[in-house]
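The next block is input08.txt, given as compact mmCIF, C-alpha atoms.
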# COMPACT_ATOMS: atom_id res chain seq x y z
CA MET A 1 0.42 8.44 8.41
CA GLY A 2 -1.70 10.93 10.33
CA ASN A 3 -5.26 10.23 11.38
CA PRO A 4 -7.34 12.56 13.56
CA ASN A 5 -8.97 9.59 15.29
CA ILE A 6 -5.78 7.71 16.22
CA THR A 7 -2.95 8.77 18.53
CA ASP A 8 -0.08 6.38 19.27
CA ARG A 9 -2.23 3.59 17.84
CA LYS A 10 -5.09 4.34 20.24
CA LEU A 11 -8.56 5.32 19.09
CA ILE A 12 -9.20 8.78 20.52
CA PHE A 13 -12.61 10.35 20.05
CA CYS A 14 -12.91 14.11 19.71
CA ARG A 15 -14.40 16.02 22.64
CA THR A 16 -17.88 16.01 21.18
CA LEU A 17 -18.02 12.26 20.60
CA ALA A 18 -16.15 11.39 23.80
CA GLU A 19 -19.16 12.59 25.79
CA PHE A 20 -21.38 9.84 24.36
CA PRO A 21 -21.74 6.35 25.88
CA VAL A 22 -19.96 3.54 24.07
CA ARG A 23 -23.20 2.10 22.67
CA CYS A 24 -23.74 5.33 20.73
CA LEU A 25 -20.25 5.20 19.23
CA ILE A 26 -20.86 1.86 17.51
CA ALA A 27 -23.05 1.66 14.41
CA GLU A 28 -24.50 -1.30 12.53
CA CYS A 29 -25.01 -0.75 8.82
CA ASP A 30 -28.27 -2.24 7.56
CA ASP A 31 -26.90 -2.39 4.01
CA CYS A 32 -23.62 -4.26 4.54
CA ASN A 33 -24.35 -5.69 8.02
CA ARG A 34 -20.98 -4.46 9.31
CA TYR A 35 -19.85 -2.54 12.38
CA PHE A 36 -18.38 0.97 12.24
CA ALA A 37 -17.30 3.55 14.81
CA ALA A 38 -18.39 7.13 15.19
CA CYS A 39 -16.14 9.37 13.15
CA CYS A 40 -14.61 12.56 14.51
CA VAL A 41 -14.14 13.83 10.94
CA HIS A 42 -17.72 13.20 9.89
CA SER A 43 -18.92 14.08 13.39
CA SER A 44 -22.10 12.06 13.79
CA PHE A 45 -22.70 9.66 10.91
CA GLY A 46 -24.67 12.43 9.20
CA ALA A 47 -27.41 12.22 11.83
CA GLU A 48 -27.85 12.39 15.57
CA LEU A 49 -25.89 9.77 17.50
CA CYS A 50 -28.02 7.00 19.03
CA ASN A 51 -30.72 7.72 16.46
CA GLU A 52 -31.88 4.43 14.91
CA ASP A 53 -32.44 6.20 11.59
CA GLN A 54 -28.91 7.61 11.43
CA THR A 55 -26.91 7.31 8.22
CA THR A 56 -23.94 5.09 8.94
CA CYS A 57 -20.53 6.59 8.29
CA HIS A 58 -18.23 3.89 6.86
CA HIS A 59 -14.98 5.74 7.53
CA ILE A 60 -13.87 3.78 10.63
CA GLN A 61 -14.14 0.02 10.22
CA LEU A 62 -14.53 -2.02 13.40
CA VAL A 63 -13.50 -5.54 14.34
CA PHE A 64 -14.36 -6.93 17.76
CA VAL A 65 -12.10 -9.66 19.13
CA ASP A 66 -11.68 -11.77 22.22
CA GLY A 67 -9.73 -14.79 23.37
CA ALA A 68 -10.77 -17.51 25.80
CA CYS A 69 -8.90 -20.29 27.56
CA SER A 70 -10.20 -23.14 29.69
CA ASN A 71 -7.85 -24.46 32.40
CA ASN A 72 -5.65 -21.43 31.85
CA GLY A 73 -1.95 -22.29 31.62
CA ARG A 74 -2.36 -25.99 32.42
CA ASP A 75 -1.35 -28.96 30.30
CA ASN A 76 -4.96 -29.61 29.29
CA ALA A 77 -5.77 -25.96 28.55
CA ARG A 78 -7.72 -25.19 25.38
CA SER A 79 -7.96 -21.78 23.76
CA GLY A 80 -10.26 -20.16 21.23
CA LEU A 81 -10.61 -16.90 19.35
CA GLY A 82 -13.74 -14.88 18.70
CA ILE A 83 -13.81 -12.35 15.87
CA THR A 84 -16.66 -10.35 14.39
CA VAL A 85 -16.85 -7.46 11.93
CA GLY A 86 -20.64 -7.52 11.56
CA TYR A 87 -23.87 -9.12 12.68
CA ASP A 88 -24.12 -11.47 9.69
CA LYS A 89 -22.90 -15.00 10.48
CA ASP A 90 -20.52 -14.79 7.50
CA LEU A 91 -18.82 -11.86 9.22
CA SER A 92 -18.04 -13.72 12.45
CA TRP A 93 -15.50 -16.42 13.24
CA SER A 94 -14.99 -18.89 16.08
CA ILE A 95 -11.44 -20.26 15.77
CA PRO A 96 -9.78 -22.89 18.00
CA VAL A 97 -6.09 -22.30 18.76
CA ASP A 98 -4.04 -25.27 17.55
CA GLU A 99 -0.36 -26.09 17.21
CA GLU A 100 -0.22 -24.65 13.71
CA MET A 101 -1.40 -21.25 14.94
CA ASP A 102 0.62 -21.17 18.18
CA PRO A 103 3.19 -23.99 18.26
CA TYR A 104 4.96 -25.12 21.43
CA ALA A 105 3.35 -22.46 23.60
CA ALA A 106 1.26 -22.86 26.73
CA ARG A 107 -2.41 -22.07 26.25
CA THR A 108 -3.34 -18.97 28.26
CA ASN A 109 -5.97 -16.24 28.20
CA GLN A 110 -3.42 -13.58 27.38
CA ARG A 111 -1.97 -15.46 24.42
CA ALA A 112 -5.49 -16.11 23.14
CA GLU A 113 -6.31 -12.41 23.38
CA LEU A 114 -3.17 -11.47 21.44
CA LEU A 115 -3.80 -14.12 18.79
CA ALA A 116 -7.37 -12.83 18.44
CA ALA A 117 -6.01 -9.33 17.81
CA ILE A 118 -3.65 -10.57 15.09
CA GLU A 119 -6.25 -12.74 13.39
CA GLY A 120 -8.93 -10.07 13.77
CA LEU A 121 -6.91 -7.49 11.87
CA LYS A 122 -6.25 -10.06 9.16
CA LYS A 123 -9.97 -10.83 8.79
CA LEU A 124 -10.86 -7.13 8.65
CA HIS A 125 -8.21 -6.52 6.00
CA GLU A 126 -9.56 -9.39 3.90
CA ILE A 127 -13.07 -7.92 4.09
CA ASP A 128 -11.81 -4.44 3.21
CA LEU A 129 -9.86 -5.69 0.20
CA ASP A 130 -12.88 -7.63 -1.00
CA VAL A 131 -15.10 -4.54 -0.79
CA ARG A 132 -12.51 -2.42 -2.60
CA SER A 133 -12.37 -4.96 -5.41
CA TYR A 134 -15.83 -3.88 -6.59
CA ILE A 135 -16.21 -0.39 -5.12
CA GLU A 136 -13.83 2.28 -6.37
CA SER A 137 -12.43 4.41 -3.57
CA ASN A 138 -9.33 6.55 -3.22
CA ASP A 139 -9.83 6.99 0.52
CA ASP A 140 -7.31 5.47 2.90
CA SER A 141 -8.73 2.81 5.20
CA THR A 142 -9.04 3.09 8.96
CA TYR A 143 -9.21 -0.08 11.05
CA ILE A 144 -10.11 -0.13 14.74
CA LEU A 145 -9.62 -3.28 16.78
CA ALA A 146 -12.04 -3.28 19.71
CA THR A 147 -11.39 -5.57 22.66
CA ASP A 148 -12.20 -5.71 26.36
CA SER A 149 -8.58 -6.76 26.99
CA GLU A 150 -6.69 -3.91 28.62
CA TYR A 151 -3.64 -6.18 28.39
CA VAL A 152 -3.73 -6.10 24.59
CA VAL A 153 -4.49 -2.40 24.19
CA LYS A 154 -2.05 -1.09 26.78
CA GLY A 155 0.49 -3.70 25.77
CA ILE A 156 0.72 -2.72 22.11
CA THR A 157 0.18 1.04 22.54
CA GLU A 158 2.08 1.81 25.76
CA TRP A 159 4.28 -1.03 27.00
CA PHE A 160 5.62 -2.23 23.65
CA PRO A 161 7.38 1.07 22.79
CA ARG A 162 8.97 1.12 26.27
CA TRP A 163 10.19 -2.46 25.93
CA LYS A 164 11.71 -1.58 22.58
CA ARG A 165 13.59 1.38 24.06
CA ARG A 166 14.95 -0.92 26.79
CA ASN A 167 16.16 -3.52 24.27
CA TRP A 168 13.12 -5.72 24.89
CA ARG A 169 13.19 -5.63 28.65
CA THR A 170 10.63 -4.57 31.23
CA ALA A 171 11.37 -1.92 33.84
CA ASP A 172 12.77 -4.61 36.15
CA GLY A 173 15.03 -6.01 33.43
CA LYS A 174 12.99 -9.09 32.55
CA ARG A 175 11.90 -10.29 29.12
CA PRO A 176 8.23 -9.33 28.62
CA ALA A 177 5.74 -12.18 28.71
CA ASN A 178 4.33 -13.13 25.30
CA LEU A 179 6.80 -10.86 23.52
CA ASP A 180 6.70 -13.13 20.47
CA LEU A 181 3.01 -12.36 19.93
CA PHE A 182 3.39 -8.66 20.65
CA LEU A 183 6.11 -8.59 17.99
CA LYS A 184 3.80 -10.35 15.53
CA LEU A 185 0.96 -7.94 16.30
CA ASP A 186 3.27 -4.96 15.84
CA GLU A 187 4.68 -6.41 12.62
CA TYR A 188 1.26 -6.98 11.08
CA THR A 189 0.01 -3.56 12.22
CA ALA A 190 3.10 -1.94 10.69
CA SER A 191 2.54 -3.82 7.42
CA LEU A 192 -0.98 -2.39 7.23
CA GLU A 193 0.32 1.09 7.99
CA ARG A 194 2.76 0.75 5.10
CA GLU A 195 -0.28 0.11 2.89
CA ARG A 196 -1.73 3.44 4.10
CA VAL A 197 -4.13 1.79 6.51
CA ALA A 198 -4.50 3.63 9.81
CA VAL A 199 -4.79 1.13 12.67
CA GLY A 200 -6.05 1.93 16.16
CA PHE A 201 -6.87 -0.09 19.26
CA TRP A 202 -9.92 0.53 21.42
CA HIS A 203 -10.47 -0.82 24.94
CA VAL A 204 -14.23 -1.34 25.30
CA PRO A 205 -16.26 -2.56 28.28
CA ARG A 206 -16.92 -6.29 28.30
CA THR A 207 -20.65 -5.64 27.88
CA HIS A 208 -19.89 -4.30 24.40
CA ASN A 209 -17.76 -7.28 23.39
CA GLN A 210 -20.13 -10.11 24.23
CA GLU A 211 -20.43 -11.49 20.71
CA ALA A 212 -16.67 -11.97 20.34
CA ASP A 213 -16.52 -13.36 23.88
CA GLU A 214 -19.15 -16.00 23.13
CA LEU A 215 -17.42 -16.97 19.88
CA ALA A 216 -14.09 -17.37 21.69
CA LYS A 217 -15.60 -19.55 24.42
CA LEU A 218 -17.34 -21.67 21.80
CA ALA A 219 -14.06 -22.22 19.95
CA ALA A 220 -12.25 -23.23 23.15
CA ALA A 221 -15.03 -25.64 24.12
CA GLU A 222 -15.23 -27.29 20.70
CA TYR A 223 -11.49 -27.90 20.31
CA PRO A 224 -11.00 -31.70 20.23

Go ahead and render the structure in this file as structure tokens.
Amino acid sequence: MGNPNITDRKLIFCRTLAEFPVRCLIAECDDCNRYFAACCVHSSFGAELCNEDQTTCHHIQLVFVDGACSNNGRDNARSGLGITVGYDKDLSWSIPVDEEMDPYAARTNQRAELLAAIEGLKKLHEIDLDVRSYIESNDDSTYILATDSEYVVKGITEWFPRWKRRNWRTADGKRPANLDLFLKLDEYTASLERERVAVGFWHVPRTHNQEADELAKLAAAEYP
């Protein structure tokens, strides 16, 4: 499915929008309290970017995610996920990683970041389906997962296709780390695409992912 904002599962802004700082490419809707991204199709939300009175374009739905892990990789490590699709508390989640979510695996930052991506897309899809249950729309949905994890974004958009071509091996012939979660992320993304949902990944600076970061750290700290 083609989408002018997404290339190889990466969010790509058009030349006009690419010139703006990240803070101007993220909008908060005062009506639904959700986050959206600037839209290359609709250009500028119907108003000037960075204008507080701009009309929010709802075409590109955003979910911010992050993963955190204390004592990374050790036996006593604890991980948590932070997910937010809006500034209302009902649109944010702080989720500890337990054995049900990630059985038999070591707790690490990278696994937490991948789990946050998977769960974040699921939460955004639930919200989208709920909205569509009472608002009629024939438009296809566009989901963008925003994270400060270059590992997640490059992993799923660049490395994963290469591993697949090499029969699930890295360039030096080794099995990729955390391949099980990359496969799950790809599988869920593909399932959304089959439902005519365009999915893109966006690597944002950490300063623009602080809410998800705090939620992830809180989840890791509160895990019993």

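With distances taken over all atoms listed in the file, A:Arg23 is the one residue among A:Arg132, A:Arg74, A:Arg23, A:Arg15 lying closest to Thr207 of chain A.
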
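Using all atoms listed in the file, the protein and nucleic acid residues lying no more than 6 Å from segment 214-217 of chain A, apart from those fewer than 3 places from it along its own chain, are Gly67, Ala68, Gly80, Leu81, Gly82, Ser94, Glu211 and Ala220 of chain A.
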
* Among listed residues A:Arg194, A:His59, A:Arg78, A:Lys10, nearest Leu218 of chain A (using all atoms listed in the file) -> A:Arg78

* Asked: What's the 9 Å shell around segment 106-117 of chain A, counting all atoms listed in the file, without same-chain residues fewer than 6 positions away, as a ChimeraX atom specification?
  -> /A:64-83,95,97,145-147,149,151-152,178,181-182,185,216

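The spacing separating atom CA of Glu126 of chain A from atom CA of Ala105 of chain A amounts to 26.9 Å.
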
* Interatomic distance between atom CA of Lys164 of chain A and atom CA of Leu179 of chain A? -> 10.5 Å

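Candidate residues A:His58, A:His203, A:Lys123, A:Arg9 were compared for distance to Cys29 of chain A, and the nearest is A:His58, using all atoms listed in the file.
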
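Restricting the calculation to all atoms listed in the file, the smallest distance between Thr142 of chain A and any of A:Val204, A:Ala198, A:Met101, A:Cys32 is found for A:Ala198.
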
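For the pair atom CA of His208 of chain A and atom CA of Val131 of chain A, the separation is 25.6 Å.
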
* Given all atoms listed in the file as the counted atoms, nearest of A:Ile156, A:Leu192, A:Cys39, A:Ala219 to Thr16 of chain A -> A:Cys39

* Asked: Do you know which residues are at most 12 Å from Pro176 of chain A counting all atoms listed in the file, after dropping those on the same chain fewer than 2 positions away, and could you put them as a count of residues only?
  -> 23

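Minimum distance to Val199 of chain A across A:Ala177, A:Ala212, A:Leu124, A:Ala18 (counting all atoms listed in the file) occurs at A:Leu124.
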
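Protein, DNA and RNA residues at most 6 Å from (-12.2, -6.2, 10.2), with all atoms listed in the file, are these: Leu62, Val63, Val85, Leu121, Lys123, Leu124 and His125 of chain A.
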
Grab the residues selected above and save them as a short mmCIF file (atom, residue, chain, number, x, y, z; two decimals), in the frame of the given file with C-alpha atoms.
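Contents of again_8.cif, freshly written:
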data_model
loop_
_atom_site.label_atom_id
_atom_site.label_comp_id
_atom_site.auth_asym_id
_atom_site.auth_seq_id
_atom_site.Cartn_x
_atom_site.Cartn_y
_atom_site.Cartn_z
CA LEU A 62 -14.53 -2.02 13.40
CA VAL A 63 -13.50 -5.54 14.34
CA VAL A 85 -16.85 -7.46 11.93
CA LEU A 121 -6.91 -7.49 11.87
CA LYS A 123 -9.97 -10.83 8.79
CA LEU A 124 -10.86 -7.13 8.65
CA HIS A 125 -8.21 -6.52 6.00
#
